[in-house]
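See below for upload_3.cif, which holds mmCIF, C-alpha atoms.
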```
data_entry
loop_
_atom_site.label_atom_id
_atom_site.label_comp_id
_atom_site.auth_asym_id
_atom_site.auth_seq_id
_atom_site.Cartn_x
_atom_site.Cartn_y
_atom_site.Cartn_z
CA MET A 1 109.72 155.56 -9.30
CA PRO A 2 107.23 153.98 -6.91
CA VAL A 3 108.56 153.44 -3.41
CA LYS A 4 110.21 150.06 -2.98
CA LYS A 5 110.00 148.37 0.42
CA TYR A 6 111.86 145.24 1.49
CA THR A 7 111.48 143.62 4.91
CA GLN A 8 113.58 140.80 6.29
CA THR A 9 112.44 138.98 9.42
CA GLY A 10 115.14 138.52 12.02
CA LEU A 11 114.27 134.86 12.49
CA PHE A 12 117.60 133.96 14.08
CA SER A 13 117.36 136.87 16.52
CA VAL A 14 113.81 135.94 17.53
CA ILE A 15 114.68 132.25 17.97
CA VAL A 16 117.61 133.14 20.24
CA LEU A 17 116.34 136.18 22.16
CA LEU A 18 112.69 135.30 22.82
CA PRO A 19 113.29 131.97 24.64
CA VAL A 20 116.06 133.52 26.76
CA MET A 21 113.82 136.44 27.73
CA LEU A 22 110.93 134.11 28.62
CA PHE A 23 113.33 131.93 30.64
CA CYS A 24 114.44 135.00 32.64
CA ILE A 25 110.81 135.94 33.33
CA VAL A 26 110.07 132.41 34.58
CA MET A 27 113.22 132.41 36.74
CA LEU A 28 112.23 135.74 38.26
CA PHE A 29 108.98 134.27 39.55
CA ILE A 30 110.62 130.99 40.59
CA THR A 31 113.27 132.70 42.70
CA GLY A 32 110.69 135.08 44.13
CA ILE A 33 109.97 138.77 43.82
CA ASP A 34 110.43 139.58 47.50
CA GLU A 35 114.21 140.09 47.18
CA PRO A 36 115.08 143.54 45.76
CA ILE A 37 118.47 142.43 44.41
CA THR A 38 116.96 139.56 42.46
CA VAL A 39 114.18 141.75 41.08
CA VAL A 40 116.61 144.47 39.97
CA ILE A 41 118.98 142.02 38.26
CA PHE A 42 116.32 140.03 36.44
CA THR A 43 114.33 143.14 35.49
CA PHE A 44 117.41 144.71 33.93
CA ILE A 45 118.26 141.52 32.04
CA ILE A 46 114.68 141.16 30.80
CA LEU A 47 114.55 144.80 29.65
CA THR A 48 117.88 144.37 27.85
CA PHE A 49 116.61 141.33 25.94
CA LEU A 50 113.32 143.12 25.24
CA VAL A 51 115.10 146.12 23.69
CA CYS A 52 117.27 143.78 21.61
CA LEU A 53 114.21 141.81 20.49
CA LEU A 54 112.34 144.98 19.50
CA THR A 55 115.40 146.09 17.54
CA PHE A 56 116.44 142.90 15.78
CA TYR A 57 113.16 141.14 14.98
CA LYS A 58 113.11 142.70 11.50
CA LEU A 59 114.96 145.07 9.17
CA THR A 60 113.14 147.15 6.56
CA ILE A 61 114.80 148.89 3.60
CA ILE A 62 112.87 151.58 1.71
CA VAL A 63 114.07 153.08 -1.59
CA ASP A 64 112.39 156.06 -3.27
CA ASP A 65 113.50 158.62 -5.86
CA THR A 66 115.91 160.41 -3.54
CA HIS A 67 116.76 158.31 -0.50
CA LEU A 68 117.52 154.89 0.88
CA VAL A 69 116.07 154.51 4.36
CA PHE A 70 116.33 151.50 6.64
CA THR A 71 114.84 150.83 10.05
CA MET A 72 115.51 148.05 12.49
CA GLY A 73 112.63 146.58 14.48
CA ILE A 74 110.17 149.16 15.74
CA GLY A 75 112.46 151.98 14.63
CA LEU A 76 114.88 152.30 17.53
CA VAL A 77 117.61 152.32 14.87
CA ARG A 78 116.83 154.31 11.74
CA LYS A 79 119.17 155.61 9.05
CA SER A 80 118.60 157.55 5.83
CA TYR A 81 121.07 158.11 3.02
CA PRO A 82 120.50 160.43 0.02
CA LEU A 83 121.06 158.47 -3.19
CA SER A 84 123.10 161.40 -4.47
CA GLU A 85 125.74 160.59 -1.82
CA ILE A 86 126.02 156.94 -2.85
CA SER A 87 128.60 156.05 -5.50
CA GLY A 88 127.67 152.40 -5.73
CA CYS A 89 125.77 149.47 -4.26
CA LYS A 90 126.53 145.79 -4.60
CA PRO A 91 125.28 142.51 -3.13
CA VAL A 92 127.72 140.89 -0.69
CA THR A 93 128.01 137.82 1.49
CA ASN A 94 129.14 138.51 5.05
CA PRO A 95 131.66 136.14 6.61
CA ALA A 96 130.32 134.04 9.47
CA ILE A 97 132.43 135.97 11.96
CA SER A 98 130.42 139.13 11.23
CA GLY A 99 127.35 137.56 12.84
CA ILE A 100 124.20 139.45 13.79
CA GLY A 101 123.86 142.94 15.21
CA ILE A 102 125.34 146.41 14.79
CA HIS A 103 129.11 146.68 14.82
CA MET A 104 132.17 147.93 13.02
CA THR A 105 134.07 145.57 10.76
CA SER A 106 137.14 145.84 8.55
CA TYR A 107 134.86 146.84 5.68
CA GLY A 108 132.74 149.35 7.62
CA TRP A 109 129.62 149.34 9.77
CA ILE A 110 127.24 146.41 9.44
CA TYR A 111 123.52 146.32 10.36
CA ASN A 112 122.11 142.82 10.26
CA VAL A 113 119.25 140.88 11.88
CA SER A 114 119.53 137.50 10.17
CA GLY A 115 121.49 135.55 7.59
CA LYS A 116 124.75 136.28 5.79
CA TYR A 117 123.55 138.31 2.79
CA ALA A 118 123.63 142.11 2.58
CA ILE A 119 124.02 145.11 0.34
CA GLU A 120 127.17 147.22 0.54
CA LEU A 121 126.87 150.97 0.04
CA THR A 122 129.90 153.07 -0.88
CA PHE A 123 129.72 156.84 -0.30
CA LYS A 124 131.16 159.47 -2.63
CA SER A 125 132.40 162.06 -0.15
CA THR A 126 134.15 159.76 2.32
CA GLY A 127 134.69 156.48 0.50
CA LYS A 128 133.30 154.73 3.57
CA LYS A 129 131.14 151.65 3.28
CA VAL A 130 128.07 150.40 5.09
CA ARG A 131 126.52 146.93 4.90
CA ILE A 132 122.81 146.40 5.46
CA GLY A 133 121.50 142.87 5.86
CA THR A 134 118.74 141.66 3.54
CA ASP A 135 117.41 138.49 1.96
CA LYS A 136 117.12 140.26 -1.44
CA PRO A 137 120.57 141.79 -2.03
CA ASP A 138 120.57 141.44 -5.84
CA GLU A 139 117.19 143.09 -6.38
CA ILE A 140 117.86 145.96 -3.96
CA SER A 141 121.31 146.61 -5.45
CA ARG A 142 119.83 146.77 -8.94
CA VAL A 143 117.11 149.23 -7.88
CA ILE A 144 119.58 151.51 -6.08
CA ASN A 145 122.09 151.54 -8.91
CA GLN A 146 119.33 152.45 -11.38
CA GLN A 147 118.40 155.45 -9.22
CA ILE A 148 121.84 156.77 -8.33
CA ASN A 149 122.55 158.95 -11.39
CA GLY A 150 119.19 160.71 -11.40
CA SER A 151 118.81 161.17 -7.64
CA MET A 152 118.35 164.53 -6.02
CA ALA A 153 120.91 166.05 -3.68
CA GLY A 154 120.26 166.12 0.01
CA SER A 155 121.85 166.21 3.41
CA TYR A 156 123.58 163.03 4.53
CA TYR A 157 121.79 163.17 7.86
CA ASP A 158 118.55 164.87 6.94
CA LYS A 159 116.40 161.84 7.75
CA GLY A 160 118.72 159.72 9.89
CA GLY A 161 118.21 159.02 13.54
CA SER A 162 120.67 157.74 16.12
CA GLY A 163 118.55 157.84 19.28
CA GLY A 164 117.84 154.13 19.14
CA LEU A 165 121.49 153.29 18.57
CA VAL A 166 122.45 155.41 21.57
CA LEU A 167 119.85 153.53 23.65
CA ILE A 168 121.27 150.16 22.58
CA LEU A 169 124.83 151.26 23.33
CA ALA A 170 123.69 152.55 26.73
CA MET A 171 122.06 149.19 27.49
CA VAL A 172 125.23 147.35 26.48
CA ALA A 173 127.34 149.66 28.64
CA ALA A 174 124.99 149.17 31.57
CA THR A 175 125.19 145.41 31.08
CA ILE A 176 128.96 145.68 31.55
CA VAL A 177 128.83 148.17 34.42
CA LEU A 178 126.10 146.47 36.47
CA PRO A 179 128.11 143.31 37.28
CA VAL A 180 131.04 145.51 38.36
CA ILE A 181 128.75 147.45 40.69
CA LEU A 182 127.37 144.19 42.11
CA VAL A 183 130.86 142.81 42.73
CA VAL A 184 131.95 146.01 44.49
CA TRP A 185 128.74 146.20 46.54
CA GLY A 186 128.74 142.51 47.34
CA GLY A 187 132.38 142.64 48.39
CA ARG A 188 131.75 145.29 51.02
CA GLU A 189 131.79 143.99 54.56
CA THR A 190 128.40 143.69 56.25
CA GLU A 191 127.86 146.40 58.86
CA VAL A 192 126.15 145.57 62.15
CA THR A 193 124.53 148.20 64.35
CA PHE A 194 122.79 147.68 67.68
CA SER A 195 119.74 149.46 69.07
CA ASP A 196 117.59 148.74 72.11
CA PRO A 197 115.12 146.38 70.40
CA ALA A 198 117.19 144.84 67.60
CA MET A 199 120.42 144.40 65.69
CA GLU A 200 120.56 145.50 62.08
CA LEU A 201 122.72 144.09 59.29
CA SER A 202 123.29 146.67 56.56
CA GLY A 203 124.34 146.08 52.96
CA MET A 204 123.44 143.43 50.43
CA TYR A 205 120.61 141.22 51.81
CA GLY A 206 120.57 143.27 55.00
CA LEU A 207 117.88 142.67 57.61
CA ASN A 208 116.68 143.61 61.07
CA VAL A 209 116.85 140.97 63.82
CA PRO A 210 114.88 141.71 67.03
CA TYR A 211 116.60 140.36 70.13
CA ALA A 212 113.32 138.76 71.17
CA ASP A 213 113.48 136.53 68.06
CA ILE A 214 116.97 135.20 68.78
CA LEU A 215 116.90 131.65 70.15
CA SER A 216 120.66 131.08 70.49
CA VAL A 217 124.05 132.43 69.46
CA ASP A 218 127.43 130.70 69.35
CA THR A 219 130.65 130.60 67.35
CA MET A 220 132.04 127.93 65.04
CA HIS A 221 135.52 127.34 63.61
CA SER A 222 134.19 125.73 60.42
CA LEU A 223 131.11 126.16 58.28
CA PRO A 224 128.56 123.42 57.61
CA ALA A 225 128.60 121.94 54.10
CA ILE A 226 126.81 124.25 51.68
CA LYS A 227 124.82 122.56 48.92
CA SER A 228 123.53 125.39 46.77
CA ARG A 229 122.63 129.05 46.49
CA THR A 230 118.87 129.64 46.38
CA ASN A 231 118.75 133.43 46.24
CA GLY A 232 122.06 134.92 47.11
CA TYR A 233 125.36 136.39 46.05
CA ALA A 234 128.55 134.35 45.65
CA SER A 235 131.86 135.75 44.46
CA GLY A 236 135.13 134.11 45.39
CA ARG A 237 135.13 133.54 49.15
CA ILE A 238 132.19 135.90 49.79
CA LEU A 239 128.72 134.42 50.31
CA LYS A 240 125.69 136.56 51.07
CA GLY A 241 121.98 135.85 51.04
CA HIS A 242 119.91 132.68 50.94
CA PHE A 243 121.64 129.29 50.69
CA ARG A 244 120.77 125.63 51.26
CA LEU A 245 122.95 123.30 53.34
CA GLN A 246 123.64 119.64 52.60
CA ASP A 247 121.03 118.67 55.21
CA GLN A 248 118.46 120.65 53.12
CA SER A 249 118.05 123.36 55.76
CA LYS A 250 117.83 126.96 54.54
CA VAL A 251 120.17 129.56 56.00
CA LEU A 252 121.21 133.18 55.59
CA LEU A 253 124.92 133.76 55.04
CA PHE A 254 126.98 136.90 55.53
CA ILE A 255 130.41 135.32 55.45
CA LYS A 256 133.88 135.36 54.01
CA LYS A 257 135.11 131.79 53.80
CA GLY A 258 138.43 130.92 55.36
CA VAL A 259 138.29 133.57 58.11
CA PRO A 260 137.02 131.84 61.29
CA PRO A 261 135.38 132.08 63.70
CA TYR A 262 131.82 132.28 62.35
CA ILE A 263 128.84 133.45 64.36
CA ARG A 264 125.81 131.16 64.20
CA LEU A 265 122.61 132.97 65.11
CA LYS A 266 119.40 130.96 65.39
CA THR A 267 116.15 132.92 65.31
CA THR A 268 112.48 132.04 65.18
CA LYS A 269 112.57 132.56 61.39
CA THR A 270 115.95 131.33 60.17
CA THR A 271 119.54 130.47 61.00
CA LEU A 272 122.14 133.06 60.17
CA TYR A 273 125.93 132.75 59.79
CA LEU A 274 128.09 135.85 60.04
CA ASN A 275 131.75 136.79 60.17
CA PHE A 276 134.10 139.67 59.35
CA ASP A 277 137.48 140.24 57.74
CA SER A 278 139.00 140.55 61.19
CA PRO A 279 138.50 137.62 63.63
CA ASP A 280 138.64 140.14 66.47
CA SER A 281 135.67 142.01 64.97
CA THR A 282 133.74 138.73 64.73
CA ARG A 283 134.42 137.94 68.39
CA ARG A 284 133.45 141.48 69.44
CA ILE A 285 130.12 141.29 67.60
CA TYR A 286 129.45 137.85 69.12
CA THR A 287 130.07 139.18 72.61
CA THR A 288 127.77 142.16 72.03
CA VAL A 289 124.94 139.95 70.72
CA ARG A 290 125.36 137.53 73.63
CA ASP A 291 125.17 140.40 76.12
CA LYS A 292 122.08 141.85 74.42
CA ILE A 293 119.99 138.70 74.72
CA SER A 294 118.87 136.52 77.59
CA PHE A 295 117.84 132.89 77.45
#
```
Let me see the file written as C-alpha cells.
Amino acid sequence: MPVKKYTQTGLFSVIVLLPVMLFCIVMLFITGIDEPITVVIFTFIILTFLVCLLTFYKLTIIVDDTHLVFTMGIGLVRKSYPLSEISGCKPVTNPAISGIGIHMTSYGWIYNVSGKYAIELTFKSTGKKVRIGTDKPDEISRVINQQINGSMAGSYYDKGGSGGLVLILAMVAATIVLPVILVVWGGRETEVTFSDPAMELSGMYGLNVPYADILSVDTMHSLPAIKSRTNGYASGRILKGHFRLQDQSKVLLFIKKGVPPYIRLKTTKTTLYLNFDSPDSTRRIYTTVRDKISF
C-alpha cells in the first residue's frame, strides 16, 4: 500500500497562541529590558508559548503497510504504533470538555490540535485506547482497518519518541514552579548593608545608593496614594520595584503595607520608600542612613 499522509492544521491553537505570544513580546519592550526580573519572566512566558505553538500548529498522521505514525508540529511529540498491535480503529467525536492538547481522559490519552473529531485506536495487548485528532476520521479509520489483518509484527515502541512530550511537561511544570519561586523570593525582606561610599539594598529590585546622591531622608507614618505598578512586584501587602503615585511621580518601593513607619529616601535619581517587618528595624536603618549623610 502506498504511504498515506494526513495533515490537520491546528487553526484554533494558532489563533489563540500566536496573538498571546506577540502580545508578550510587545509588552516586554514596552516595560523595558533593563530590569532582569521582567526580562526573565517575559522570556520564559514567550518561550513557553513558542514551544506550544511549534507543537500544536499541526498534526500529521502517516499510515504505511506496518505502522501508524503521528507527529505534532515540528516533531516535538512523535508516536508510532505497529498495526499488528492495533485491534481496531474507529472515528469518534470528542466532547467539548476534552478540548485541545495532550492529556488523559476517561477513554485514554488524547492528542489534538484543533476541532472535535478524532480516530480512536484500541490495542490488543492492553486494551488501552488512544485518540488522535484529525479532520478526516472516517477515511483514516477505513485505511487502518483495511491494513490491520495483514500488518507485520513489530515493537510497540520501535519508532515512538517521547522527548518532545517530556519537554512540554517540563515547561508546564516550570510554569507552575516559577510563580511559587517568585512569591517566595519577593516575600523575603529586603536586606540593607552599609559601606563607606554607599548603602546597598539586596534582593528583588535591589540597588546601590551612594550617600552623595541622597538629597534627604525622613520617616512617614502613612504611604502616599499609589496609582499603579509600572515595573514591579505586588503580592498581598508586599510591594517592590517601580510604581507610580497618584500625583504621577515615579517611585521605588521596598515596603510591606500596614507596618509603619516608612523611610522616604530622596536621591538625585528617584524617591525610594522602605520599611521592614519590625518597626524597630526600620527606625534603626533610618538612624544609620541619617548618620551616614550630611546636608
Practice prompt. Compare A:Glu139, A:Asp280, A:Asp196, A:Asp291 by their minimum atom-to-atom distance to Pro91 (chain A), counting all atoms listed in the file, and give me the closest one.
Written response: A:Glu139
Matched chain/residue IDs from the PyMOL selection byres ((chain A and resi 113) around 6), as a PDB file with C-alpha atoms, keeping the file's coordinate frame:
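Output file expr.pdb follows:
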```pdb
ATOM      1  CA  GLY A  10     115.140 138.520  12.020  1.00  0.00           C
ATOM      2  CA  PHE A  56     116.440 142.900  15.780  1.00  0.00           C
ATOM      3  CA  ILE A 100     124.200 139.450  13.790  1.00  0.00           C
ATOM      4  CA  ASN A 112     122.110 142.820  10.260  1.00  0.00           C
ATOM      5  CA  SER A 114     119.530 137.500  10.170  1.00  0.00           C
TER       6      SER A 114
END
```
Practice prompt. Considering all atoms listed in the file, return as a ChimeraX atom specification whatever protein or nucleic-acid residues lie within 10 Å of Thr193 (chain A), sequence-local ones (same chain, fewer than 4 positions apart) excluded.
Written response: /A:198-202,208,285
Item to complete: Counting all atoms listed in the file, figure out which residue out of A:Ser216, A:Met104, A:Asp65, A:Ile15 gets nearest to Asn145 (chain A).
Response: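 Selected residue with least distance to Asn145 (chain A): A:Asp65.
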Practice prompt. Identify all residues satisfying the PyMOL selection byres ((chain A and resi 247) around 10) in the given file; provide them as a ChimeraX atom specification.
Written response: /A:224-227,244-246,248-250
Discussion item. Taking the file as I've supplied it (selection: the PyMOL selection byres ((chain A and resi 281) around 12)), which residues are included? Please answer as a list in words.
Written reply: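 Selected by the PyMOL selection byres ((chain A and resi 281) around 12) here: Glu189, Thr190, Glu191, Val192, Val259, Pro260, Pro261, Tyr262, Ile263, Leu274, Asn275, Phe276, Asp277, Ser278, Pro279, Asp280, Thr282, Arg283, Arg284, Ile285, Tyr286, Thr287 and Thr288 of chain A.
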Discussion item. Would you compute the distance between CA of Gly258 (chain A) and CA of Val209 (chain A)? Give it in Å to one decimal.
Written reply: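 According to the coordinates, CA of Gly258 (chain A) and CA of Val209 (chain A) are separated by 25.3 Å.
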Practice prompt. Using only C-alpha atoms, find the one residue out of A:Lys256, A:Lys128, A:Lys58, A:Arg142 that sits nearest to Gly187 (chain A).
Written response: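 Smallest separation from Gly187 (chain A) among the options: A:Lys256.
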Discussion item. With all atoms listed in the file as the counted atoms, please give the residues lying no more than 9 Å from Lys124 (chain A), apart from itself and same-chain residues fewer than 3 positions off, as number ranges by chain.
Written reply: A: 84-88, 127-128
Worksheet item: Looking at only C-alpha atoms, which of A:Ile132, A:Leu76, A:Ala170, A:Val69 is the one that sits closest to Thr48 (chain A)?
Response: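 Counting only C-alpha atoms, the residue closest to Thr48 (chain A) is A:Ala170.
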Discussion item. Between CA of Ile110 (chain A) and CA of Val20 (chain A), what is the distance in Å, rounded to a tenth?
Written reply: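 Pair CA of Ile110 (chain A) / CA of Val20 (chain A) returns 24.3 Å.
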Worksheet item: What gap, in Å, lies between CA of Phe243 (chain A) and CA of Gly186 (chain A)?
Response: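 Result for CA of Phe243 (chain A) versus CA of Gly186 (chain A): 15.4 Å, one decimal.
Using only C-alpha atoms, the residues found no farther than 10 Å from Phe42 (chain A), other than those of its own chain fewer than 4 positions away, are A:Met21, A:Cys24, A:Ile25, A:Met27, A:Leu28, A:Phe29, A:Ile33, A:Ile37, A:Thr38, A:Ile46, A:Leu47, A:Thr48.
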Discussion item. At a cut-off of 6 Å around the point (122.8, 133.1, 50.1) (file coordinates), what residues fall inside when counting all atoms listed in the file? I'd like the answer as number ranges by chain.
Written reply: A: 229, 231-233, 240-243, 252-253
Worksheet item: Closest to Leu17 (chain A) among A:Ile45, A:Trp109, A:Leu53, A:Val3, using only C-alpha atoms?
Response: A:Leu53
Worksheet item: Using only C-alpha atoms, which residue out of A:Ser106, A:Val217, A:Val63, A:Lys136 lies closest to Ser294 (chain A)?
Response: A:Val217
Fill in: Sel. within 12 Å of pt (116.0, 155.7, -8.2), counting all atoms listed in the file, output as a list in words
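Residues found, by chain and rising number: Met1, Pro2, Val3, Lys4, Ile62, Val63, Asp64, Asp65, Thr66, His67, Leu68, Pro82, Leu83, Ser84, Ile86, Ile140, Ser141, Arg142, Val143, Ile144, Asn145, Gln146, Gln147, Ile148, Asn149, Gly150, Ser151 and Met152 of chain A.
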